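Student: My structure is stored as upload.txt, with compact mmCIF, C-alpha atoms.
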```txt
# COMPACT_ATOMS: atom_id res chain seq x y z
CA MET X 1 45.56 -15.84 -265.50
CA ALA X 2 43.49 -15.59 -262.30
CA GLN X 3 41.17 -13.09 -264.00
CA THR X 4 40.85 -15.41 -267.00
CA SER X 5 39.80 -18.27 -264.73
CA SER X 6 37.16 -16.05 -263.08
CA ASN X 7 35.79 -15.02 -266.46
CA LEU X 8 35.60 -18.64 -267.61
CA LEU X 9 33.72 -19.63 -264.46
CA LEU X 10 31.29 -16.76 -264.99
CA ALA X 11 30.80 -17.89 -268.60
CA ALA X 12 30.14 -21.44 -267.38
CA PHE X 13 27.55 -20.14 -264.93
CA PHE X 14 25.80 -18.23 -267.72
CA LEU X 15 25.81 -21.32 -269.96
CA TYR X 16 24.32 -23.45 -267.17
CA PHE X 17 21.60 -20.80 -266.86
CA LEU X 18 21.07 -20.91 -270.64
CA ALA X 19 20.80 -24.71 -270.49
CA THR X 20 18.16 -24.36 -267.77
CA VAL X 21 16.16 -21.99 -269.98
CA PHE X 22 16.36 -24.36 -272.96
CA PHE X 23 15.24 -27.34 -270.88
CA ALA X 24 12.38 -25.30 -269.39
CA VAL X 25 11.22 -24.20 -272.85
CA SER X 26 11.46 -27.75 -274.17
CA ILE X 27 9.21 -29.03 -271.38
CA THR X 28 6.65 -26.24 -271.62
CA GLY X 29 6.14 -26.73 -275.35
CA GLY X 30 8.91 -24.98 -277.29
CA ARG X 31 8.98 -26.63 -280.75
CA PHE X 32 10.65 -26.05 -284.10
CA LYS X 33 9.82 -27.42 -287.52
CA ASN X 34 12.26 -29.60 -289.42
CA LYS X 35 12.81 -29.61 -293.20
CA GLU X 36 9.82 -31.87 -293.74
CA GLY X 37 7.58 -29.44 -291.89
CA ASP X 38 7.11 -31.74 -288.90
CA GLU X 39 7.25 -30.34 -285.43
CA LYS X 40 10.22 -31.47 -283.41
CA ASN X 41 11.23 -30.32 -279.96
CA ARG X 42 14.92 -29.49 -280.33
CA THR X 43 15.33 -27.15 -277.38
CA GLY X 44 16.26 -30.11 -275.19
CA THR X 45 19.19 -30.75 -277.55
CA TYR X 46 20.17 -27.10 -277.33
CA GLY X 47 20.01 -27.38 -273.56
CA TYR X 48 22.36 -30.36 -273.63
CA ILE X 49 24.76 -28.55 -275.98
CA SER X 50 24.74 -25.57 -273.60
CA SER X 51 25.51 -27.86 -270.67
CA VAL X 52 28.44 -29.38 -272.58
CA LEU X 53 29.78 -25.92 -273.43
CA ALA X 54 29.32 -24.91 -269.79
CA PHE X 55 31.37 -27.90 -268.69
CA VAL X 56 34.11 -27.07 -271.23
CA SER X 57 34.21 -23.47 -269.94
CA ALA X 58 34.29 -24.73 -266.34
CA ILE X 59 37.21 -27.02 -267.13
CA GLY X 60 38.91 -23.98 -268.69
CA TYR X 61 38.45 -22.21 -265.33
CA PHE X 62 39.88 -25.23 -263.51
CA VAL X 63 42.97 -25.47 -265.74
CA THR X 64 43.76 -21.74 -265.77
CA ARG X 65 43.33 -21.44 -261.99
CA TRP X 66 45.58 -24.49 -261.58
CA ILE X 67 48.24 -22.76 -263.68
CA ALA X 68 47.86 -19.51 -261.75
CA ALA X 69 47.97 -21.21 -258.34
CA GLY X 70 50.60 -23.82 -259.13
CA HIS X 71 48.44 -26.54 -257.60
CA ALA X 72 45.06 -28.17 -258.19
CA PRO X 73 42.31 -25.69 -257.23
CA VAL X 74 40.57 -27.97 -254.72
CA SER X 75 42.30 -26.91 -251.50
CA ASN X 76 39.67 -24.64 -249.88
CA MET X 77 35.90 -24.35 -249.66
CA PHE X 78 35.50 -22.06 -252.67
CA GLU X 79 37.60 -24.29 -254.91
CA TYR X 80 36.19 -27.60 -253.70
CA THR X 81 32.55 -26.54 -253.76
CA THR X 82 32.96 -25.04 -257.24
CA PHE X 83 34.59 -28.25 -258.44
CA LEU X 84 31.76 -30.29 -256.90
CA GLY X 85 29.27 -28.30 -258.98
CA ILE X 86 31.39 -28.83 -262.09
CA MET X 87 31.53 -32.57 -261.44
CA MET X 88 27.74 -32.69 -261.08
CA GLY X 89 27.59 -30.99 -264.47
CA LEU X 90 29.93 -33.67 -265.83
CA GLY X 91 27.72 -36.40 -264.38
CA PHE X 92 24.76 -34.93 -266.24
CA VAL X 93 26.76 -34.66 -269.49
CA ILE X 94 27.61 -38.37 -269.20
CA ILE X 95 24.13 -39.61 -268.26
CA TYR X 96 21.87 -37.41 -270.43
CA PRO X 97 22.69 -39.10 -273.81
CA ILE X 98 21.53 -42.43 -272.36
CA TYR X 99 18.08 -41.29 -271.20
CA LYS X 100 17.61 -37.89 -272.90
CA SER X 101 15.59 -36.69 -269.93
CA ARG X 102 14.93 -32.97 -270.37
CA VAL X 103 13.29 -32.82 -266.93
CA LEU X 104 16.51 -34.12 -265.40
CA GLY X 105 18.30 -31.21 -267.09
CA LEU X 106 15.73 -28.75 -265.74
CA PHE X 107 16.37 -29.97 -262.19
CA THR X 108 20.12 -30.66 -262.43
CA MET X 109 21.28 -27.40 -264.02
CA PRO X 110 19.82 -25.12 -261.30
CA ILE X 111 21.39 -27.32 -258.60
CA VAL X 112 24.77 -27.02 -260.36
CA MET X 113 24.30 -23.24 -260.49
CA LEU X 114 23.27 -23.17 -256.84
CA ILE X 115 26.36 -25.11 -255.74
CA ILE X 116 28.68 -22.81 -257.71
CA ALA X 117 26.85 -19.72 -256.39
CA TYR X 118 27.16 -21.10 -252.85
CA ALA X 119 30.91 -21.51 -253.39
CA SER X 120 31.16 -17.78 -254.10
CA VAL X 121 30.27 -16.91 -250.48
CA PHE X 122 33.74 -18.17 -249.46
CA PRO X 123 36.99 -16.25 -250.09
CA THR X 124 37.86 -16.63 -253.77
CA GLU X 125 41.50 -15.50 -253.63
CA ILE X 126 44.20 -18.00 -254.60
CA GLN X 127 45.86 -19.19 -251.40
CA PRO X 128 49.23 -20.93 -250.95
CA LEU X 129 49.06 -24.54 -249.87
CA ILE X 130 49.87 -25.38 -246.29
CA PRO X 131 52.61 -28.06 -245.95
CA ALA X 132 50.08 -30.85 -245.25
CA LEU X 133 48.53 -30.32 -248.69
CA GLN X 134 51.72 -30.07 -250.71
CA THR X 135 51.47 -33.54 -252.22
CA GLY X 136 50.09 -35.18 -255.31
CA TRP X 137 47.59 -37.04 -253.12
CA LEU X 138 45.63 -33.76 -252.88
CA GLN X 139 44.65 -34.04 -256.55
CA ILE X 140 44.13 -37.80 -256.44
CA HIS X 141 41.97 -37.86 -253.30
CA VAL X 142 39.92 -34.68 -253.69
CA ILE X 143 39.27 -34.79 -257.43
CA THR X 144 38.12 -38.41 -257.31
CA THR X 145 35.91 -37.72 -254.27
CA ALA X 146 34.28 -34.70 -255.93
CA LEU X 147 33.67 -36.64 -259.15
CA GLY X 148 31.95 -39.43 -257.21
CA GLN X 149 29.83 -36.97 -255.22
CA GLY X 150 28.92 -35.05 -258.37
CA ILE X 151 27.54 -38.18 -260.04
CA LEU X 152 25.73 -39.15 -256.83
CA ALA X 153 24.15 -35.68 -256.90
CA VAL X 154 22.67 -36.46 -260.33
CA GLY X 155 21.03 -39.47 -258.65
CA PHE X 156 19.54 -37.05 -256.13
CA ALA X 157 18.12 -34.86 -258.92
CA ALA X 158 16.52 -37.90 -260.59
CA GLY X 159 15.14 -39.11 -257.26
CA LEU X 160 13.67 -35.66 -256.62
CA VAL X 161 12.03 -35.69 -260.05
CA TYR X 162 10.49 -39.09 -259.26
CA LEU X 163 9.11 -37.97 -255.91
CA ILE X 164 7.58 -34.78 -257.29
CA ARG X 165 6.06 -36.81 -260.14
CA VAL X 166 4.31 -39.43 -257.96
CA THR X 167 3.39 -37.46 -254.81
CA ASP X 168 -0.18 -36.32 -254.28
CA PHE X 169 0.29 -32.75 -253.03
CA LYS X 170 -3.44 -32.21 -252.57
CA ALA X 171 -3.47 -34.61 -249.64
CA LYS X 172 -1.87 -33.73 -246.33
CA SER X 173 0.65 -36.46 -245.63
CA LYS X 174 4.09 -37.10 -244.17
CA LYS X 175 5.44 -37.58 -247.70
CA VAL X 176 4.35 -34.09 -248.72
CA THR X 177 5.87 -32.62 -245.55
CA ALA X 178 9.16 -34.46 -246.07
CA LEU X 179 9.40 -33.39 -249.70
CA GLU X 180 8.67 -29.78 -248.76
CA LEU X 181 11.51 -30.00 -246.23
CA VAL X 182 13.86 -31.05 -249.03
CA LEU X 183 12.82 -28.06 -251.13
CA PHE X 184 13.13 -25.85 -248.04
CA GLY X 185 16.73 -27.03 -247.70
CA LEU X 186 17.48 -25.96 -251.27
CA LEU X 187 15.93 -22.56 -250.54
CA CYS X 188 18.25 -22.22 -247.54
CA PHE X 189 21.15 -22.41 -250.01
CA VAL X 190 19.54 -19.69 -252.10
CA GLY X 191 18.96 -17.55 -249.02
CA HIS X 192 22.56 -17.97 -247.89
CA VAL X 193 23.86 -16.79 -251.26
CA LEU X 194 21.50 -13.80 -251.35
CA LEU X 195 22.37 -12.76 -247.80
CA ASN X 196 26.10 -12.88 -248.45
CA MET X 197 25.69 -10.91 -251.66
CA GLY X 198 23.60 -8.29 -249.87
CA PHE X 199 25.82 -7.83 -246.81
CA GLY X 200 28.92 -8.05 -249.01
CA ALA X 201 27.63 -5.24 -251.23
CA ALA X 202 26.95 -3.20 -248.08
CA GLY X 203 30.54 -3.80 -246.90
CA TYR X 204 29.45 -5.42 -243.64
CA GLU X 205 32.36 -6.75 -241.57
CA LYS X 206 32.88 -7.28 -237.83
CA GLU X 207 35.80 -8.77 -235.91
CA PHE X 208 35.80 -10.55 -232.55
CA ASN X 209 38.66 -11.47 -230.24
CA TYR X 210 38.16 -14.97 -228.88
CA THR X 211 39.87 -18.00 -227.33
CA ASN X 212 40.32 -20.89 -229.77
CA GLU X 213 40.33 -24.65 -229.13
CA TYR X 214 44.03 -24.51 -228.19
CA GLY X 215 43.43 -21.89 -225.50
CA GLU X 216 45.12 -19.21 -227.59
CA GLN X 217 43.85 -15.69 -228.30
CA ALA X 218 42.76 -15.19 -231.90
CA GLN X 219 40.53 -13.04 -234.10
CA MET X 220 37.48 -14.07 -236.12
CA GLU X 221 35.88 -12.01 -238.88
CA TYR X 222 32.13 -12.03 -239.45
CA GLN X 223 30.47 -11.24 -242.78
CA LEU X 224 26.94 -11.48 -241.32
CA PRO X 225 25.50 -10.04 -238.07
CA ALA X 226 26.53 -12.20 -235.12
CA ILE X 227 23.69 -14.26 -233.69
CA ILE X 228 26.18 -16.69 -232.19
CA GLY X 229 29.75 -15.63 -231.42
CA PRO X 230 33.03 -17.46 -230.82
CA ASN X 231 34.24 -18.76 -227.46
CA GLU X 232 34.79 -15.92 -224.92
CA ALA X 233 34.12 -13.36 -227.67
CA GLU X 234 34.89 -9.67 -227.33
CA LEU X 235 33.97 -7.20 -230.06
CA ALA X 236 37.15 -5.90 -231.72
CA SER X 237 35.35 -3.46 -234.03
CA GLU X 238 34.52 0.04 -232.83
CA THR X 239 30.84 -0.38 -233.67
CA GLY X 240 28.47 -3.29 -233.60
CA SER X 241 26.58 -5.42 -231.13
CA ASN X 242 27.62 -8.43 -229.11
CA PRO X 243 26.29 -11.86 -230.18
CA LEU X 244 23.23 -13.30 -228.49
CA LEU X 245 25.00 -16.58 -227.68
CA LEU X 246 28.59 -17.85 -227.52
CA ALA X 247 29.76 -21.13 -229.07
CA PRO X 248 32.13 -23.60 -227.34
CA ASP X 249 35.75 -23.61 -228.52
CA PHE X 250 35.38 -26.73 -230.71
CA ILE X 251 32.76 -25.00 -232.88
CA VAL X 252 33.75 -22.69 -235.77
CA ALA X 253 31.37 -19.95 -234.70
CA ASP X 254 31.32 -17.69 -237.78
CA ASP X 255 30.36 -20.62 -240.00
CA LEU X 256 27.69 -21.80 -237.55
CA ASN X 257 26.39 -18.22 -237.54
CA ALA X 258 26.20 -18.34 -241.35
CA VAL X 259 24.28 -21.64 -241.21
CA ILE X 260 21.76 -20.11 -238.78
CA TRP X 261 21.27 -17.11 -241.09
CA ALA X 262 20.80 -19.52 -244.02
CA PHE X 263 17.94 -21.22 -242.16
CA ILE X 264 16.37 -17.84 -241.36
CA ALA X 265 16.62 -16.71 -245.01
CA GLY X 266 15.39 -20.08 -246.29
CA THR X 267 12.36 -19.91 -243.98
CA ALA X 268 11.50 -16.42 -245.24
CA LEU X 269 11.85 -17.48 -248.90
CA TYR X 270 9.85 -20.65 -248.39
CA TRP X 271 6.85 -18.95 -246.80
CA LEU X 272 6.99 -16.10 -249.29
CA LEU X 273 6.73 -18.62 -252.12
CA ARG X 274 3.94 -20.49 -250.34
CA LEU X 275 2.06 -17.20 -249.97
CA VAL X 276 2.46 -16.38 -253.66
CA LEU X 277 1.80 -19.89 -255.01
CA ARG X 278 -0.92 -20.78 -252.47
CA LYS X 279 0.13 -24.42 -252.65
CA PRO X 280 3.11 -26.58 -251.66
CA ILE X 281 6.18 -25.75 -253.73
CA GLY X 282 6.38 -29.36 -254.89
CA GLY X 283 2.80 -29.06 -256.11
CA ALA X 284 3.75 -25.98 -258.13
CA LEU X 285 6.63 -27.92 -259.72
CA GLN X 286 4.58 -31.03 -260.45
CA PRO X 287 3.15 -29.85 -263.82
CA LEU X 288 6.73 -29.66 -265.13
CA VAL X 289 7.25 -33.39 -264.57
CA LYS X 290 3.83 -34.70 -265.65
CA GLY X 291 5.32 -36.20 -268.83
CA VAL X 292 8.04 -38.10 -266.96
CA ASN X 293 7.91 -41.89 -266.89
CA PRO X 294 8.43 -42.72 -263.18
CA GLN X 295 10.16 -46.01 -264.00
CA SER X 296 12.69 -44.20 -266.20
CA ALA X 297 13.43 -41.66 -263.46
CA ASP X 298 13.85 -44.51 -260.98
CA GLU X 299 16.27 -46.36 -263.26
CA LEU X 300 18.20 -43.17 -263.99
CA SER X 301 18.72 -42.44 -260.28
CA TYR X 302 19.92 -46.01 -259.71
CA ARG X 303 22.37 -45.86 -262.62
CA ALA X 304 23.82 -42.60 -261.29
CA ILE X 305 24.33 -44.11 -257.83
CA ALA X 306 25.81 -47.29 -259.31
CA ILE X 307 28.39 -45.20 -261.20
CA GLY X 308 29.10 -42.62 -258.50
CA PHE X 309 29.38 -44.96 -255.51
CA PRO X 310 32.56 -46.85 -256.50
CA ILE X 311 34.23 -43.60 -257.62
CA PHE X 312 33.40 -41.96 -254.28
CA THR X 313 34.62 -45.06 -252.40
CA LEU X 314 37.91 -44.95 -254.26
CA GLY X 315 38.51 -41.24 -253.59
CA GLY X 316 36.73 -40.64 -250.30
CA LEU X 317 37.93 -43.74 -248.47
CA ILE X 318 40.72 -45.70 -250.17
CA PHE X 319 42.83 -42.79 -251.47
CA ALA X 320 42.04 -40.84 -248.29
CA MET X 321 43.34 -43.63 -246.08
CA ILE X 322 46.52 -44.03 -248.13
CA TRP X 323 47.18 -40.28 -247.84
CA ALA X 324 46.39 -40.32 -244.10
CA GLN X 325 48.89 -43.14 -243.60
CA ILE X 326 51.58 -41.14 -245.44
CA ALA X 327 50.79 -37.79 -243.76
CA TRP X 328 49.81 -38.84 -240.23
CA THR X 329 51.27 -42.39 -240.00
CA ARG X 330 47.80 -43.85 -239.47
CA PHE X 331 45.12 -44.67 -242.01
CA TRP X 332 42.17 -43.88 -239.72
CA GLY X 333 41.74 -41.46 -236.83
CA TRP X 334 38.00 -40.85 -236.29
CA ASP X 335 38.27 -37.24 -237.39
CA PRO X 336 34.71 -35.85 -237.97
CA LYS X 337 35.30 -35.63 -241.72
CA GLU X 338 36.56 -39.22 -241.86
CA VAL X 339 33.58 -40.45 -239.84
CA TRP X 340 31.07 -38.80 -242.18
CA ALA X 341 32.87 -40.10 -245.25
CA LEU X 342 32.42 -43.58 -243.75
CA ILE X 343 28.75 -42.86 -243.00
CA THR X 344 28.27 -41.77 -246.62
CA PHE X 345 29.93 -44.96 -247.86
CA LEU X 346 27.83 -47.19 -245.59
CA PHE X 347 24.62 -45.40 -246.56
CA TYR X 348 25.10 -45.84 -250.30
CA ALA X 349 26.27 -49.42 -249.78
CA ALA X 350 23.00 -50.03 -247.91
CA TYR X 351 21.10 -48.35 -250.75
CA LEU X 352 22.59 -50.73 -253.32
CA HIS X 353 21.97 -53.73 -251.06
CA LEU X 354 18.32 -52.79 -250.48
CA ARG X 355 17.82 -52.05 -254.15
CA LEU X 356 19.37 -55.25 -255.47
CA SER X 357 18.52 -57.74 -252.72
CA ARG X 358 15.31 -56.43 -251.18
CA GLY X 359 13.67 -54.92 -254.23
CA TRP X 360 13.57 -51.35 -252.96
CA HIS X 361 12.59 -49.67 -256.20
CA GLY X 362 10.49 -46.61 -256.90
CA GLU X 363 9.57 -44.35 -254.02
CA LYS X 364 11.74 -46.03 -251.38
CA SER X 365 14.75 -45.87 -253.69
CA ALA X 366 14.09 -42.21 -254.54
CA TRP X 367 13.92 -41.23 -250.87
CA LEU X 368 17.25 -42.96 -250.25
CA CYS X 369 18.79 -40.90 -253.10
CA VAL X 370 17.52 -37.71 -251.48
CA ILE X 371 18.75 -38.70 -248.00
CA GLY X 372 22.15 -39.66 -249.42
CA PHE X 373 22.59 -36.22 -250.97
CA ALA X 374 21.55 -34.63 -247.67
CA ILE X 375 24.34 -36.60 -245.97
CA ILE X 376 26.86 -35.36 -248.56
CA MET X 377 25.81 -31.73 -248.08
CA PHE X 378 25.80 -32.07 -244.27
CA ASN X 379 29.36 -33.36 -244.51
CA LEU X 380 30.37 -30.53 -246.84
CA ILE X 381 28.74 -27.70 -244.91
CA PHE X 382 28.22 -28.53 -241.24
CA VAL X 383 31.01 -31.03 -240.58
CA ASN X 384 33.61 -29.28 -242.73
CA LEU X 385 32.81 -25.76 -241.53
CA VAL X 386 31.30 -25.87 -238.08
CA ILE X 387 33.13 -28.71 -236.31
CA ALA X 388 36.84 -28.08 -235.78
CA GLY X 389 38.99 -31.03 -236.90
CA LEU X 390 41.98 -32.09 -238.98
CA HIS X 391 40.15 -31.03 -242.17
CA SER X 392 39.32 -27.55 -240.88
CA TYR X 393 42.08 -26.08 -243.03
CA ALA X 394 39.88 -26.76 -246.07
CA MET X 395 38.13 -23.38 -245.89
```
Write out the structure in this file as structure tokens.

Tutor:
Amino acid sequence: MAQTSSNLLLAAFFLYFLATVFFAVSITGGRFKNKEGDEKNRTGTYGYISSVLAFVSAIGYFVTRWIAAGHAPVSNMFEYTTFLGIMMGLGFVIIYPIYKSRVLGLFTMPIVMLIIAYASVFPTEIQPLIPALQTGWLQIHVITTALGQGILAVGFAAGLVYLIRVTDFKAKSKKVTALELVLFGLLCFVGHVLLNMGFGAAGYEKEFNYTNEYGEQAQMEYQLPAIIGPNEAELASETGSNPLLLAPDFIVADDLNAVIWAFIAGTALYWLLRLVLRKPIGGALQPLVKGVNPQSADELSYRAIAIGFPIFTLGGLIFAMIWAQIAWTRFWGWDPKEVWALITFLFYAAYLHLRLSRGWHGEKSAWLCVIGFAIIMFNLIFVNLVIAGLHSYAM
């Protein structure tokens, strides 16, 4: 059953890739003739069908892994991040029939693939639930949160499309720099995946003895060369080099080390692309979105946020607080994960207020969509992995 779930996830990944190809062809001029001999661009429809089939295959993965594990597969970083990508795919499946935006598909499908590929850098084995997670609130809280974040991520993709469409990349400006930073961040994800695949294929592995946040001796395994090591680290492997720096005990050092390597790889990829393209990456993407109506992209991003925000609020705050009251006899404890869930809620609440009451449409609204997604990913990656807290078991 576990092998079946892996195969279904791989099939979903391939179908998301196929959907990306169809959307790309539809934008760059792929056309077919209908029975009357008129040209009609149907590849966008094929792209949507592929995305629906990908979602069906992904749900097959989710169900079969649930059966194999005996619990909802959302209890560690591989499972949750994979499910987040699937939920973004679902958000696109829901929203696309309303607007039929092929460009949105071209931008959303690669992000879904990137999130699922990023999930693969974490251990994929089925793990037994710790006692704190052996409750039905796991499914209720986490699945609802991921669904809300997935739909919010579609708002990010639409906002990104808008910004690339309206930005003048020939002029040197803060807007161009900021947008390039966003694309640089996405390349950091790509670099992280490529690095883990490369070092994993080479069988790289190093262990360190260290002192954890409870003052106890423990071991930490590294899958990438150690730039920063754990608190009071000593190399346990026979070969290898000591880290350049040591992290304090409240930092999960191997994950911080992975984040640093992601930035290094992302920097290398970004400047390699700039060297090849000889222009900002956003400028190279701009011809793909030249046929997009900016007002439609703006409305699409708003609709996605309007749908995703209440779902995220329900799962990320209300259900979370109910579960916290049951598990820890308090509904709020200022754990880092709880704090950033609140920050996410307040940010999107401010977005809706500014949009509806202050008339923040267009470019301002699009930038808020991008910043909101950055907050979600910071919470998922840095807060969940690097800062030790009550949610640190979710790895």

Student: Could you pull the residues within 10 Å of range 370-379 of chain X, counting all atoms listed in the file, minus those fewer than 5 positions along the same chain, as a PyMOL selection string?

Tutor: chain X and resi 149-150+152-160+163+179+182+185+305+336-341+343-345+347-348+351+365+384-385

Student: CA of Asn231 in chain X and CA of Leu246 in chain X, how far apart in Å?

Tutor: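 Separation between CA of Leu246 in chain X and CA of Asn231 in chain X: 5.7 Å.
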
Student: Find the residues around Ile228 in chain X up to 12 Å (all atoms listed in the file counted), leave out those fewer than 2 positions away in its own chain, and share them as a list of chain:residue names.

Tutor: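 Listed by chain and then number, they are X:Phe208, X:Tyr222, X:Leu224, X:Pro225, X:Ala226, X:Pro230, X:Asn231, X:Glu232, X:Ala233, X:Ser241, X:Asn242, X:Pro243, X:Leu244, X:Leu245, X:Leu246, X:Ala247, X:Pro248, X:Ile251, X:Val252, X:Ala253, X:Asp254, X:Asp255, X:Leu256, X:Asn257, X:Ala258, X:Val259, X:Ile260, X:Trp261.
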
Student: Work out how far apart CA of Ile59 in chain X and CA of Ala24 in chain X are and give it in Å to one decimal.

Tutor: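 Result for CA of Ile59 in chain X versus CA of Ala24 in chain X: 25.0 Å, one decimal.
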
Student: Skip Val190 in chain X itself and residues of its chain fewer than 5 positions away, then list as an MDAnalysis selection string all residues within 8 Å of it, counting all atoms listed in the file.

Tutor: chainID X and resid 114 118 266
